[in-house]
file data.csv (CSV, C-alpha atoms (C1' of nucleotides))
chain,number,residue,atom,x,y,z
Y,335,MET,CA,125.2,136.2,130.2
Y,336,ALA,CA,126.5,135.8,126.7
Y,337,LYS,CA,128.8,138.7,127.5
Y,338,HIS,CA,131.2,136.6,129.6
Y,339,ASP,CA,131.3,133.8,127.0
Y,340,ARG,CA,134.5,134.8,125.4
Y,341,ASP,CA,136.2,135.5,128.8
Y,342,LEU,CA,135.1,132.1,130.0
Y,343,SER,CA,136.3,130.3,126.9
Y,344,LEU,CA,139.7,132.0,127.1
Y,345,LEU,CA,140.0,131.2,130.8
Y,346,PHE,CA,139.0,127.6,130.5
Y,347,HIS,CA,141.1,127.1,127.5
Y,348,ALA,CA,144.1,128.6,129.2
Y,349,LEU,CA,143.6,126.3,132.2
Y,350,ALA,CA,143.2,123.2,130.0
Y,351,ASP,CA,146.9,122.7,129.5
Y,352,PRO,CA,149.0,121.0,132.2
Y,353,THR,CA,152.1,123.1,131.4
Y,354,ARG,CA,150.1,126.3,131.8
Y,355,ARG,CA,148.6,125.1,135.1
Y,356,SER,CA,152.1,124.2,136.4
Y,357,ILE,CA,153.3,127.7,135.4
Y,358,LEU,CA,150.4,129.2,137.3
Y,359,THR,CA,151.2,127.1,140.3
Y,360,ARG,CA,154.9,128.0,140.1
Y,361,LEU,CA,153.9,131.6,139.8
Y,362,ALA,CA,151.5,131.5,142.8
Y,363,GLY,CA,154.1,132.1,145.4
Y,364,THR,CA,156.3,134.7,143.7
Y,365,PRO,CA,156.6,136.5,140.4
Y,366,ALA,CA,159.3,135.0,138.1
Y,367,ALA,CA,161.2,135.7,134.9
Y,368,VAL,CA,160.5,133.9,131.7
Y,369,THR,CA,163.6,131.8,131.8
Y,370,ASP,CA,162.9,130.8,135.4
Y,371,LEU,CA,159.5,129.6,134.3
Y,372,ALA,CA,160.8,127.7,131.3
Y,373,GLY,CA,163.3,125.7,133.3
Y,374,PRO,CA,161.1,123.2,135.1
Y,375,THR,CA,158.9,122.6,132.1
Y,376,GLY,CA,161.7,121.2,130.0
Y,377,LEU,CA,160.3,123.1,127.0
Y,378,ARG,CA,162.1,125.6,124.8
Y,379,LEU,CA,161.8,129.3,125.4
Y,380,PRO,CA,159.6,130.2,122.4
Y,381,THR,CA,157.2,127.4,123.4
Y,382,VAL,CA,156.9,128.8,126.9
Y,383,MET,CA,156.5,132.3,125.6
Y,384,ARG,CA,153.4,131.1,123.7
Y,385,HIS,CA,152.0,129.5,126.9
Y,386,LEU,CA,152.6,132.8,128.7
Y,387,ALA,CA,150.9,134.7,125.9
Y,388,VAL,CA,147.8,132.5,126.3
Y,389,LEU,CA,147.8,133.0,130.0
Y,390,GLU,CA,148.1,136.7,129.6
Y,391,GLU,CA,145.4,136.9,126.9
Y,392,ALA,CA,143.1,135.1,129.4
Y,393,GLY,CA,144.0,137.7,132.0
Y,394,LEU,CA,145.5,135.1,134.3
Y,395,ILE,CA,148.9,136.8,134.5
Y,396,THR,CA,150.5,140.1,133.8
Y,397,SER,CA,154.1,140.8,132.8
Y,398,SER,CA,156.4,143.8,132.7
Y,399,LYS,CA,159.8,144.2,131.3
Y,400,ASP,CA,162.7,145.6,133.3
Y,401,GLY,CA,165.8,145.9,131.3
Y,402,ARG,CA,166.0,142.6,129.4
Y,403,ILE,CA,164.1,140.6,132.0
Y,404,ARG,CA,160.4,140.1,131.7
Y,405,THR,CA,158.8,139.3,135.0
Y,406,CYS,CA,155.4,137.5,135.2
Y,407,ALA,CA,152.9,137.6,138.0
Y,408,VAL,CA,149.6,136.1,138.7
Y,409,VAL,CA,146.3,138.1,138.6
Y,410,PRO,CA,144.2,136.6,141.4
Y,411,GLN,CA,140.8,138.1,140.4
Y,412,ALA,CA,141.2,136.6,137.0
Y,413,LEU,CA,139.6,133.4,138.3
Y,414,ASP,CA,136.4,135.1,139.4
Y,415,PRO,CA,134.4,134.4,136.3
Y,416,VAL,CA,135.3,130.8,136.5
Y,417,ARG,CA,134.3,130.6,140.1
Y,418,THR,CA,131.0,132.4,139.4
Y,419,TRP,CA,130.2,130.0,136.5
Y,420,LEU,CA,131.0,127.1,138.7
Y,421,ASP,CA,128.9,128.3,141.6
Y,422,GLU,CA,125.9,128.9,139.4
Y,423,HIS,CA,126.1,125.6,137.8
Y,424,ARG,CA,126.8,123.7,141.0
Y,425,ALA,CA,123.8,125.3,142.5
Y,426,ILE,CA,121.5,124.2,139.6
Y,427,TRP,CA,123.0,120.7,139.3
Y,428,GLU,CA,122.8,120.0,143.0
Y,429,ALA,CA,119.3,121.3,143.2
Y,430,ARG,CA,118.5,118.9,140.4
Y,431,LEU,CA,120.2,116.2,142.4
Y,432,ASP,CA,118.1,116.9,145.4
Y,433,ARG,CA,115.0,117.3,143.3
Y,434,LEU,CA,114.6,120.9,144.5
Y,435,ASP,CA,114.3,122.4,141.0
Y,436,ALA,CA,111.3,124.5,142.2
Y,437,PHE,CA,113.4,125.9,145.0
Y,438,VAL,CA,116.1,127.1,142.7
Y,439,THR,CA,113.6,128.7,140.4
Y,440,ASN,CA,112.3,130.5,143.4
Y,441,VAL,CA,115.7,131.8,144.6
Y,442,MET,CA,116.4,133.1,141.1
Y,443,LYS,CA,113.1,135.0,141.1
Y,444,GLU,CA,113.9,136.5,144.6
Y,445,ASN,CA,117.3,137.6,143.3
Y,446,GLY,CA,115.7,139.2,140.3
Y,447,THR,CA,118.1,137.3,138.1
I,438,MET,CA,148.9,115.9,142.4
I,439,ALA,CA,150.0,114.9,138.9
I,440,LYS,CA,147.4,112.1,139.1
I,441,HIS,CA,144.5,114.5,138.5
I,442,ASP,CA,146.2,116.3,135.7
I,443,ARG,CA,144.5,114.4,132.9
I,444,ASP,CA,141.1,114.8,134.5
I,445,LEU,CA,141.6,118.5,134.9
I,446,SER,CA,142.8,118.9,131.4
I,447,LEU,CA,139.8,117.0,130.0
I,448,LEU,CA,137.4,119.0,132.2
I,449,PHE,CA,138.8,122.4,131.4
I,450,HIS,CA,139.0,121.6,127.8
I,451,ALA,CA,135.4,120.4,127.7
I,452,LEU,CA,134.3,123.6,129.5
I,453,ALA,CA,136.3,125.8,127.1
I,454,ASP,CA,133.7,125.7,124.3
I,455,PRO,CA,130.6,127.9,124.4
I,456,THR,CA,128.4,125.4,122.7
I,457,ARG,CA,129.4,122.7,125.3
I,458,ARG,CA,128.7,125.1,128.1
I,459,SER,CA,125.3,126.0,126.7
I,460,ILE,CA,124.6,122.3,126.4
I,461,LEU,CA,125.5,121.8,130.1
I,462,THR,CA,123.3,124.8,131.0
I,463,ARG,CA,120.4,123.4,129.1
I,464,LEU,CA,121.0,120.1,130.6
I,465,ALA,CA,121.1,121.5,134.1
I,466,GLY,CA,117.3,121.5,134.7
I,467,THR,CA,116.3,118.2,133.0
I,468,PRO,CA,117.9,115.4,131.0
I,469,ALA,CA,117.3,115.7,127.3
I,470,ALA,CA,117.6,113.7,124.1
I,471,VAL,CA,120.3,114.4,121.5
I,472,THR,CA,118.0,116.1,119.0
I,473,ASP,CA,116.5,118.3,121.7
I,474,LEU,CA,120.0,119.4,122.6
I,475,ALA,CA,121.0,120.1,119.0
I,476,GLY,CA,118.0,122.3,118.3
I,477,PRO,CA,119.0,125.5,120.1
I,478,THR,CA,122.6,125.3,119.0
I,479,GLY,CA,121.8,125.6,115.3
I,480,LEU,CA,124.4,123.0,114.7
I,481,ARG,CA,124.1,119.7,112.8
I,482,LEU,CA,123.6,116.5,114.7
I,483,PRO,CA,127.0,114.9,114.1
I,484,THR,CA,128.6,118.1,115.3
I,485,VAL,CA,126.5,118.0,118.5
I,486,MET,CA,127.3,114.4,118.9
I,487,ARG,CA,131.0,115.2,119.0
I,488,HIS,CA,130.4,117.9,121.7
I,489,LEU,CA,128.5,115.4,123.7
I,490,ALA,CA,131.3,112.8,123.3
I,491,VAL,CA,133.8,115.4,124.7
I,492,LEU,CA,131.5,116.2,127.6
I,493,GLU,CA,131.0,112.5,128.3
I,494,GLU,CA,134.8,111.7,128.1
I,495,ALA,CA,135.4,114.5,130.6
I,496,GLY,CA,132.8,112.8,132.8
I,497,LEU,CA,130.5,115.9,132.8
I,498,ILE,CA,127.5,114.0,131.4
I,499,THR,CA,126.2,110.5,131.1
I,500,SER,CA,123.9,109.1,128.5
I,501,SER,CA,121.8,106.0,128.0
I,502,LYS,CA,119.8,104.8,125.1
I,503,ASP,CA,116.2,103.8,125.3
I,504,GLY,CA,114.8,102.6,122.1
I,505,ARG,CA,116.2,104.9,119.5
I,506,ILE,CA,116.4,107.9,121.8
I,507,ARG,CA,119.6,108.7,123.7
I,508,THR,CA,119.0,110.7,126.8
I,509,CYS,CA,121.8,112.8,128.3
I,510,ALA,CA,122.1,114.0,131.9
I,511,VAL,CA,124.5,116.0,133.9
I,512,VAL,CA,126.9,114.4,136.4
I,513,PRO,CA,127.1,117.0,139.2
I,514,GLN,CA,130.2,115.7,141.1
I,515,ALA,CA,132.1,115.9,137.8
I,516,LEU,CA,133.0,119.5,138.7
I,517,ASP,CA,134.6,118.7,142.0
I,518,PRO,CA,138.2,118.5,140.7
I,519,VAL,CA,137.8,121.9,139.1
I,520,ARG,CA,136.4,123.3,142.2
I,521,THR,CA,139.2,121.8,144.2
I,522,TRP,CA,141.9,123.2,141.9
I,523,LEU,CA,140.2,126.6,142.0
I,524,ASP,CA,140.0,126.6,145.8
I,525,GLU,CA,143.7,125.7,146.2
I,526,HIS,CA,144.9,128.3,143.8
I,527,ARG,CA,142.6,131.0,145.0
I,528,ALA,CA,143.9,130.4,148.5
I,529,ILE,CA,147.5,130.8,147.4
I,530,TRP,CA,146.9,133.7,145.1
I,531,GLU,CA,144.9,135.7,147.6
I,532,ALA,CA,147.4,135.0,150.3
I,533,ARG,CA,150.0,136.5,148.0
I,534,LEU,CA,147.7,139.5,147.3
I,535,ASP,CA,147.2,140.2,151.0
I,536,ARG,CA,150.8,139.4,151.7
I,537,LEU,CA,149.5,136.9,154.3
I,538,ASP,CA,151.4,133.9,153.0
I,539,ALA,CA,152.6,133.0,156.5
I,540,PHE,CA,149.0,133.1,157.8
I,541,VAL,CA,147.8,130.7,155.1
I,542,THR,CA,150.6,128.3,155.8
I,543,ASN,CA,149.5,128.4,159.4
I,544,VAL,CA,145.9,127.7,158.6
I,545,MET,CA,146.9,124.8,156.5
I,546,LYS,CA,148.9,123.4,159.3
I,547,GLU,CA,146.0,123.8,161.7
I,548,ASN,CA,143.7,121.9,159.3
I,549,GLY,CA,146.2,119.2,159.0
I,550,THR,CA,146.1,119.6,155.3
J,823,DA,C1',106.4,95.8,104.5
J,824,DT,C1',107.2,100.5,104.3
J,825,DC,C1',108.4,104.8,105.8
J,826,DA,C1',109.8,108.3,109.1
J,827,DT,C1',112.5,109.3,113.1
J,828,DG,C1',116.7,109.5,115.7
J,829,DC,C1',121.0,108.5,116.2
J,830,DT,C1',125.6,106.9,114.3
J,831,DT,C1',129.7,106.5,111.3
J,832,DA,C1',132.9,107.9,107.8
J,833,DG,C1',135.3,111.2,105.8
J,834,DC,C1',136.3,116.0,104.1
J,835,DC,C1',137.9,120.9,104.9
J,836,DA,C1',139.6,125.0,107.4
J,837,DT,C1',141.7,126.5,111.2
J,838,DA,C1',144.0,126.3,115.7
J,839,DT,C1',147.4,124.3,118.9
J,840,DC,C1',151.8,122.7,120.5
J,841,DG,C1',156.2,121.5,119.8
J,842,DC,C1',160.5,122.8,117.4
J,843,DT,C1',164.7,125.5,115.1
J,844,DA,C1',166.8,129.5,113.3
J,845,DA,C1',167.6,134.0,113.3
J,846,DG,C1',166.6,138.2,115.2
J,847,DT,C1',166.8,142.5,118.9
J,848,DA,C1',168.0,144.5,123.2
J,849,DT,C1',170.3,144.9,127.4
J,850,DC,C1',174.4,144.4,130.5
J,851,DA,C1',179.4,143.1,131.6
J,852,DG,C1',184.0,143.8,130.5
N,1487,DC,C1',183.4,147.4,120.9
N,1488,DT,C1',182.6,142.5,122.0
N,1489,DG,C1',180.3,139.0,123.8
N,1490,DA,C1',177.0,136.8,126.7
N,1491,DT,C1',172.3,136.9,128.4
N,1492,DA,C1',167.3,137.2,127.9
N,1493,DC,C1',163.9,137.5,125.4
N,1494,DT,C1',161.4,137.9,120.7
N,1495,DT,C1',159.9,136.9,115.9
N,1496,DA,C1',159.3,134.0,111.9
N,1497,DG,C1',158.1,130.0,110.3
N,1498,DC,C1',157.8,124.9,110.0
N,1499,DG,C1',155.4,120.2,110.9
N,1500,DA,C1',152.3,117.1,113.2
N,1501,DT,C1',148.1,116.7,115.4
N,1502,DA,C1',143.7,118.2,117.2
N,1503,DT,C1',139.4,120.8,116.9
N,1504,DG,C1',135.0,122.2,115.1
N,1505,DG,C1',132.2,122.5,111.4
N,1506,DC,C1',130.0,120.1,107.4
N,1507,DT,C1',127.7,116.3,104.0
N,1508,DA,C1',126.5,111.8,102.8
N,1509,DA,C1',125.3,107.5,103.9
N,1510,DG,C1',124.2,103.8,107.3
N,1511,DC,C1',121.5,101.4,111.0
N,1512,DA,C1',117.9,100.7,114.4
N,1513,DT,C1',113.4,101.5,116.1
N,1514,DG,C1',108.6,103.0,116.1
N,1515,DA,C1',104.4,104.0,113.5
N,1516,DT,C1',101.2,102.8,109.7
call {"tool": "encode", "arguments": {"input": "data.csv", "output": "C-alpha coordinates"}}
result
Amino acid sequence: MAKHDRDLSLLFHALADPTRRSILTRLAGTPAAVTDLAGPTGLRLPTVMRHLAVLEEAGLITSSKDGRIRTCAVVPQALDPVRTWLDEHRAIWEARLDRLDAFVTNVMKENGT
Amino acid sequence: MAKHDRDLSLLFHALADPTRRSILTRLAGTPAAVTDLAGPTGLRLPTVMRHLAVLEEAGLITSSKDGRIRTCAVVPQALDPVRTWLDEHRAIWEARLDRLDAFVTNVMKENGT
DNA sequence: ATCATGCTTAGCCATATCGCTAAGTATCAG
DNA sequence: CTGATACTTAGCGATATGGCTAAGCATGAT
(Lines of atoms letter the chains of each structure in order from A and count residues from 1; the text may use other names and numbers.)
(Lines give C-alpha, C1' and ligand atoms only; values in the text may rest on other atoms or scores of the structure.)
Protein backbone atom coordinates (compact mmCIF):
# COMPACT_ATOMS: atom_id res chain seq x y z
CA MET A 1 0.00 0.00 0.00
CA ALA A 2 2.37 2.63 1.26
CA LYS A 3 5.04 0.91 -0.78
CA HIS A 4 3.82 2.35 -4.06
CA ASP A 5 3.48 5.81 -2.63
CA ARG A 6 6.73 7.15 -3.96
CA ASP A 7 6.21 5.59 -7.39
CA LEU A 8 2.78 7.11 -7.61
CA SER A 9 3.97 10.52 -6.52
CA LEU A 10 6.75 10.48 -9.09
CA LEU A 11 4.40 9.31 -11.81
CA PHE A 12 1.64 11.79 -11.09
CA HIS A 13 4.14 14.60 -10.75
CA ALA A 14 5.77 13.69 -14.05
CA LEU A 15 2.37 13.69 -15.72
CA ALA A 16 1.33 17.00 -14.20
CA ASP A 17 3.30 19.07 -16.71
CA PRO A 18 1.86 19.80 -20.19
CA THR A 19 5.31 19.85 -21.78
CA ARG A 20 6.08 16.43 -20.38
CA ARG A 21 2.74 15.04 -21.49
CA SER A 22 3.31 16.39 -24.98
CA ILE A 23 6.72 14.75 -25.01
CA LEU A 24 5.12 11.46 -24.03
CA THR A 25 2.53 11.85 -26.77
CA ARG A 26 5.17 12.67 -29.32
CA LEU A 27 7.17 9.68 -28.14
CA ALA A 28 4.21 7.34 -28.34
CA GLY A 29 4.60 6.48 -31.98
CA THR A 30 8.36 6.34 -32.33
CA PRO A 31 11.48 6.80 -30.22
CA ALA A 32 13.19 10.11 -30.83
CA ALA A 33 16.41 11.99 -30.12
CA VAL A 34 16.58 14.77 -27.54
CA THR A 35 16.85 17.55 -30.12
CA ASP A 36 13.87 16.18 -32.03
CA LEU A 37 11.85 16.25 -28.83
CA ALA A 38 12.96 19.76 -27.98
CA GLY A 39 11.96 21.21 -31.34
CA PRO A 40 8.17 21.37 -31.01
CA THR A 41 8.26 22.49 -27.38
CA GLY A 42 9.94 25.78 -28.19
CA LEU A 43 12.09 25.29 -25.10
CA ARG A 44 15.87 25.24 -24.79
CA LEU A 45 17.74 21.99 -24.68
CA PRO A 46 18.75 22.05 -21.00
CA THR A 47 15.14 22.67 -20.06
CA VAL A 48 13.97 19.74 -22.13
CA MET A 49 16.72 17.58 -20.67
CA ARG A 50 15.33 18.27 -17.22
CA HIS A 51 11.85 17.24 -18.31
CA LEU A 52 13.29 14.07 -19.78
CA ALA A 53 15.12 13.39 -16.53
CA VAL A 54 11.85 13.73 -14.62
CA LEU A 55 10.13 11.35 -17.02
CA GLU A 56 12.97 8.88 -16.74
CA GLU A 57 13.04 9.04 -12.94
CA ALA A 58 9.36 8.27 -12.95
CA GLY A 59 10.11 5.28 -15.17
CA LEU A 60 7.96 6.61 -17.99
CA ILE A 61 10.75 6.63 -20.55
CA THR A 62 14.13 5.03 -21.13
CA SER A 63 17.00 6.44 -23.06
CA SER A 64 20.23 5.14 -24.51
CA LYS A 65 23.08 6.88 -26.17
CA ASP A 66 24.46 5.83 -29.52
CA GLY A 67 27.40 7.95 -30.56
CA ARG A 68 26.45 11.48 -29.64
CA ILE A 69 22.74 10.92 -30.02
CA ARG A 70 20.53 9.98 -27.10
CA THR A 71 17.38 8.21 -28.14
CA CYS A 72 14.33 8.24 -25.86
CA ALA A 73 11.53 5.72 -25.84
CA VAL A 74 8.37 5.20 -23.88
CA VAL A 75 7.98 2.45 -21.21
CA PRO A 76 4.37 1.30 -21.58
CA GLN A 77 4.06 -0.65 -18.31
CA ALA A 78 5.12 2.44 -16.40
CA LEU A 79 1.52 3.58 -16.31
CA ASP A 80 0.31 0.42 -14.60
CA PRO A 81 0.49 1.77 -11.02
CA VAL A 82 -1.48 4.82 -12.09
CA ARG A 83 -4.09 2.66 -13.73
CA THR A 84 -4.30 0.43 -10.67
CA TRP A 85 -4.73 3.37 -8.33
CA LEU A 86 -7.38 4.80 -10.59
CA ASP A 87 -9.27 1.52 -10.82
CA GLU A 88 -9.27 1.03 -7.07
CA HIS A 89 -10.53 4.48 -6.37
CA ARG A 90 -13.07 4.56 -9.11
CA ALA A 91 -14.47 1.36 -7.73
CA ILE A 92 -14.86 2.77 -4.25
CA TRP A 93 -16.11 6.15 -5.42
CA GLU A 94 -18.69 4.74 -7.74
CA ALA A 95 -19.77 2.27 -5.12
CA ARG A 96 -20.33 5.19 -2.84
CA LEU A 97 -22.24 6.93 -5.60
CA ASP A 98 -24.52 3.94 -6.00
CA ARG A 99 -24.75 3.54 -2.23
CA LEU A 100 -23.30 0.08 -2.49
CA ASP A 101 -20.61 0.55 0.12
CA ALA A 102 -21.46 -2.75 1.73
CA PHE A 103 -21.01 -4.51 -1.58
CA VAL A 104 -17.51 -3.14 -2.05
CA THR A 105 -16.52 -4.14 1.44
CA ASN A 106 -17.74 -7.58 0.58
CA VAL A 107 -15.76 -7.82 -2.65
CA MET A 108 -12.64 -6.74 -0.83
CA LYS A 109 -13.16 -9.47 1.73
CA GLU A 110 -13.63 -12.07 -1.01
CA ASN A 111 -10.42 -10.95 -2.66
CA GLY A 112 -8.64 -11.23 0.64
CA THR A 113 -7.37 -7.71 0.16
CA MET B 1 -7.08 18.36 -27.09
CA ALA B 2 -5.27 21.36 -25.70
CA LYS B 3 -8.52 22.34 -24.03
CA HIS B 4 -8.20 19.69 -21.33
CA ASP B 5 -4.57 20.53 -20.68
CA ARG B 6 -5.17 22.70 -17.67
CA ASP B 7 -7.67 20.25 -16.17
CA LEU B 8 -5.22 17.43 -16.57
CA SER B 9 -2.36 19.38 -15.08
CA LEU B 10 -4.46 20.36 -12.07
CA LEU B 11 -5.66 16.80 -11.61
CA PHE B 12 -2.27 15.15 -11.93
CA HIS B 13 -0.71 17.75 -9.68
CA ALA B 14 -3.39 17.25 -7.05
CA LEU B 15 -2.81 13.50 -7.17
CA ALA B 16 0.96 13.82 -6.94
CA ASP B 17 0.96 14.35 -3.19
CA PRO B 18 0.70 11.37 -0.80
CA THR B 19 -1.16 13.39 1.80
CA ARG B 20 -3.76 14.41 -0.76
CA ARG B 21 -4.12 10.86 -2.02
CA SER B 22 -4.61 9.62 1.53
CA ILE B 23 -7.26 12.27 2.04
CA LEU B 24 -9.04 11.08 -1.09
CA THR B 25 -8.83 7.50 0.10
CA ARG B 26 -10.16 8.42 3.50
CA LEU B 27 -12.91 10.38 1.83
CA ALA B 28 -13.85 7.53 -0.46
CA GLY B 29 -16.15 5.79 1.96
CA THR B 30 -17.83 8.73 3.64
CA PRO B 31 -17.77 12.52 3.56
CA ALA B 32 -15.88 14.00 6.49
CA ALA B 33 -15.23 17.27 8.27
CA VAL B 34 -11.93 19.13 7.93
CA THR B 35 -10.75 18.26 11.42
CA ASP B 36 -11.55 14.60 10.90
CA LEU B 37 -9.46 14.64 7.75
CA ALA B 38 -6.59 16.42 9.45
CA GLY B 39 -6.37 13.93 12.31
CA PRO B 40 -4.71 10.94 10.62
CA THR B 41 -2.33 13.09 8.57
CA GLY B 42 -0.51 14.43 11.63
CA LEU B 43 -0.49 17.84 9.95
CA ARG B 44 -1.81 21.13 11.22
CA LEU B 45 -5.17 22.41 10.14
CA PRO B 46 -4.00 25.25 7.89
CA THR B 47 -1.76 22.81 6.04
CA VAL B 48 -4.63 20.40 5.53
CA MET B 49 -6.85 23.26 4.41
CA ARG B 50 -4.36 24.02 1.67
CA HIS B 51 -4.39 20.42 0.50
CA LEU B 52 -8.17 20.49 0.47
CA ALA B 53 -8.09 23.70 -1.56
CA VAL B 54 -5.84 22.03 -4.12
CA LEU B 55 -8.16 19.03 -4.31
CA GLU B 56 -11.17 21.28 -4.69
CA GLU B 57 -9.53 23.41 -7.41
CA ALA B 58 -8.81 20.24 -9.31
CA GLY B 59 -12.48 19.33 -8.95
CA LEU B 60 -11.71 16.16 -7.03
CA ILE B 61 -13.75 17.12 -3.97
CA THR B 62 -16.58 19.46 -3.02
CA SER B 63 -17.23 20.97 0.33
CA SER B 64 -20.09 22.74 2.01
CA LYS B 65 -20.38 24.41 5.34
CA ASP B 66 -23.11 23.63 7.82
CA GLY B 67 -22.85 25.75 10.93
CA ARG B 68 -19.16 25.84 11.75
CA ILE B 69 -18.42 22.46 10.23
CA ARG B 70 -17.21 22.12 6.64
CA THR B 71 -17.94 18.73 5.18
CA CYS B 72 -15.87 17.43 2.27
CA ALA B 73 -16.93 14.80 -0.24
CA VAL B 74 -15.41 13.16 -3.25
CA VAL B 75 -16.49 13.97 -6.83
CA PRO B 76 -16.26 10.63 -8.65
CA GLN B 77 -16.49 11.90 -12.24
CA ALA B 78 -13.53 14.16 -11.58
CA LEU B 79 -11.19 11.32 -12.50
CA ASP B 80 -12.71 10.88 -15.95
CA PRO B 81 -10.21 13.10 -17.81
CA VAL B 82 -7.35 11.21 -16.20
CA ARG B 83 -8.85 7.90 -17.17
CA THR B 84 -9.40 9.11 -20.72
CA TRP B 85 -5.84 10.33 -21.06
CA LEU B 86 -4.58 7.06 -19.68
CA ASP B 87 -6.70 4.97 -22.01
CA GLU B 88 -5.62 6.90 -25.07
CA HIS B 89 -1.97 6.61 -24.23
CA ARG B 90 -2.07 3.02 -23.16
CA ALA B 91 -3.66 2.21 -26.47
CA ILE B 92 -0.90 3.87 -28.45
CA TRP B 93 1.90 2.62 -26.22
CA GLU B 94 0.77 -0.97 -26.22
CA ALA B 95 0.21 -0.85 -29.93
CA ARG B 96 3.79 0.22 -30.27
CA LEU B 97 4.89 -2.57 -27.94
CA ASP B 98 3.10 -5.24 -29.92
CA ARG B 99 4.05 -3.59 -33.19
CA LEU B 100 0.39 -3.56 -34.11
CA ASP B 101 0.17 0.13 -34.88
CA ALA B 102 -1.73 -0.53 -38.07
CA PHE B 103 -4.27 -2.64 -36.21
CA VAL B 104 -5.02 0.09 -33.69
CA THR B 105 -5.41 2.65 -36.42
CA ASN B 106 -7.88 0.26 -37.98
CA VAL B 107 -9.88 -0.21 -34.80
CA MET B 108 -10.06 3.51 -34.32
CA LYS B 109 -11.40 3.91 -37.81
CA GLU B 110 -14.03 1.21 -37.17
CA ASN B 111 -15.10 2.96 -33.99
CA GLY B 112 -15.38 6.18 -35.89
CA THR B 113 -13.15 7.81 -33.30
C1' DA C 1 -22.20 36.72 28.37
C1' DT C 2 -18.58 33.51 28.16
C1' DC C 3 -15.99 29.96 26.57
C1' DA C 4 -14.78 26.10 23.65
C1' DT C 5 -14.85 24.38 19.04
C1' DG C 6 -13.92 24.50 14.11
C1' DC C 7 -12.54 26.68 10.56
C1' DT C 8 -10.03 30.68 8.24
C1' DT C 9 -6.50 34.19 7.15
C1' DA C 10 -1.98 36.16 7.17
C1' DG C 11 2.52 35.57 6.89
C1' DC C 12 7.06 33.22 7.53
C1' DC C 13 10.69 29.70 6.12
C1' DA C 14 12.87 26.02 3.50
C1' DT C 15 12.92 23.63 -0.51
C1' DA C 16 11.55 22.43 -5.24
C1' DT C 17 10.30 23.59 -9.94
C1' DC C 18 10.76 25.66 -14.43
C1' DG C 19 12.74 28.61 -17.32
C1' DC C 20 17.19 30.59 -18.88
C1' DT C 21 22.45 31.43 -20.32
C1' DA C 22 27.13 30.13 -20.53
C1' DA C 23 30.43 27.01 -20.79
C1' DG C 24 31.66 22.43 -20.99
C1' DT C 25 32.43 17.33 -23.30
C1' DA C 26 32.12 14.05 -26.92
C1' DT C 27 31.31 12.50 -31.40
C1' DC C 28 31.46 12.84 -36.51
C1' DA C 29 32.74 15.18 -41.03
C1' DG C 30 36.23 17.06 -43.77
C1' DC D 1 43.46 19.13 -36.75
C1' DT D 2 39.27 21.96 -37.19
C1' DG D 3 34.81 22.78 -36.88
C1' DA D 4 30.08 21.59 -36.49
C1' DT D 5 26.70 18.84 -34.06
C1' DA D 6 24.44 16.89 -29.96
C1' DC D 7 24.16 16.61 -25.72
C1' DT D 8 25.69 17.80 -20.74
C1' DT D 9 26.80 20.42 -16.56
C1' DA D 10 26.76 24.46 -13.63
C1' DG D 11 24.45 27.91 -11.89
C1' DC D 12 21.11 31.84 -11.79
C1' DG D 13 16.31 34.02 -10.94
C1' DA D 14 11.38 33.94 -10.38
C1' DT D 15 7.73 31.52 -8.68
C1' DA D 16 5.31 27.61 -6.47
C1' DT D 17 4.88 24.16 -2.83
C1' DG D 18 4.48 22.31 1.71
C1' DG D 19 5.14 22.89 6.30
C1' DC D 20 4.56 25.95 10.39
C1' DT D 21 2.74 29.68 14.09
C1' DA D 22 -0.20 33.27 15.48
C1' DA D 23 -4.18 35.51 15.39
C1' DG D 24 -9.04 36.10 13.75
C1' DC D 25 -13.99 34.94 13.16
C1' DA D 26 -18.23 32.36 13.53
C1' DT D 27 -21.05 29.03 15.83
C1' DG D 28 -22.66 26.07 19.60
C1' DA D 29 -22.85 24.97 24.49
C1' DT D 30 -23.30 26.67 29.32
call {"tool": "closest_atom_pairs", "arguments": {"input": "data.csv", "of": "chain N", "to": "chain I", "cutoff": "12 Å", "atoms": "all atoms listed in the file", "output": "JSON lines"}}
result
{"residue": "N:DT1503", "atom": "C1'", "partner": "I:Arg487", "partner_atom": "CA", "distance": 10.3}
{"residue": "N:DG1504", "atom": "C1'", "partner": "I:Thr484", "partner_atom": "CA", "distance": 7.6}
{"residue": "N:DG1505", "atom": "C1'", "partner": "I:Thr484", "partner_atom": "CA", "distance": 6.9}
{"residue": "N:DC1506", "atom": "C1'", "partner": "I:Arg481", "partner_atom": "CA", "distance": 8.0}
{"residue": "N:DT1507", "atom": "C1'", "partner": "I:Arg481", "partner_atom": "CA", "distance": 10.1}
{"residue": "N:DA1508", "atom": "C1'", "partner": "I:Pro483", "partner_atom": "CA", "distance": 11.7}
{"residue": "N:DC1511", "atom": "C1'", "partner": "I:Arg505", "partner_atom": "CA", "distance": 10.6}
{"residue": "N:DA1512", "atom": "C1'", "partner": "I:Arg505", "partner_atom": "CA", "distance": 6.8}
{"residue": "N:DT1513", "atom": "C1'", "partner": "I:Arg505", "partner_atom": "CA", "distance": 5.6}
{"residue": "N:DG1514", "atom": "C1'", "partner": "I:Arg505", "partner_atom": "CA", "distance": 8.5}
call {"tool": "atom_distance", "arguments": {"input": "data.csv", "atom1": "C1' of DT1501 in chain N", "atom2": "CA of Leu349 in chain Y"}}
result
19.9 Å
call {"tool": "interface_residues", "arguments": {"input": "data.csv", "of": "chain I", "to": "chain Y", "cutoff": "6 Å", "atoms": "only C-alpha atoms", "output": "PyMOL selection string"}}
result
chain I and resi 446+449-450+453-454+465+513+530
call {"tool": "interface_residues", "arguments": {"input": "data.csv", "of": "chain J", "to": "chain I", "cutoff": "12 Å", "atoms": "only C-alpha atoms (C1' of nucleotides)", "output": "number ranges by chain"}}
result
J: 827-832
call {"tool": "write_last_selection", "arguments": {"input": "data.csv", "atoms": "C-alpha atoms (C1' of nucleotides)", "output": "CSV table (one decimal), in the frame of the given file"}}
result
chain,number,residue,atom,x,y,z
J,827,DT,C1',112.5,109.3,113.1
J,828,DG,C1',116.7,109.5,115.7
J,829,DC,C1',121.0,108.5,116.2
J,830,DT,C1',125.6,106.9,114.3
J,831,DT,C1',129.7,106.5,111.3
J,832,DA,C1',132.9,107.9,107.8
call {"tool": "atom_distance", "arguments": {"input": "data.csv", "atom1": "CA of Thr508 in chain I", "atom2": "C1' of DC834 in chain J"}}
result
29.0 Å
call {"tool": "atom_distance", "arguments": {"input": "data.csv", "atom1": "CA of Val485 in chain I", "atom2": "CA of Thr418 in chain Y"}}
result
25.8 Å
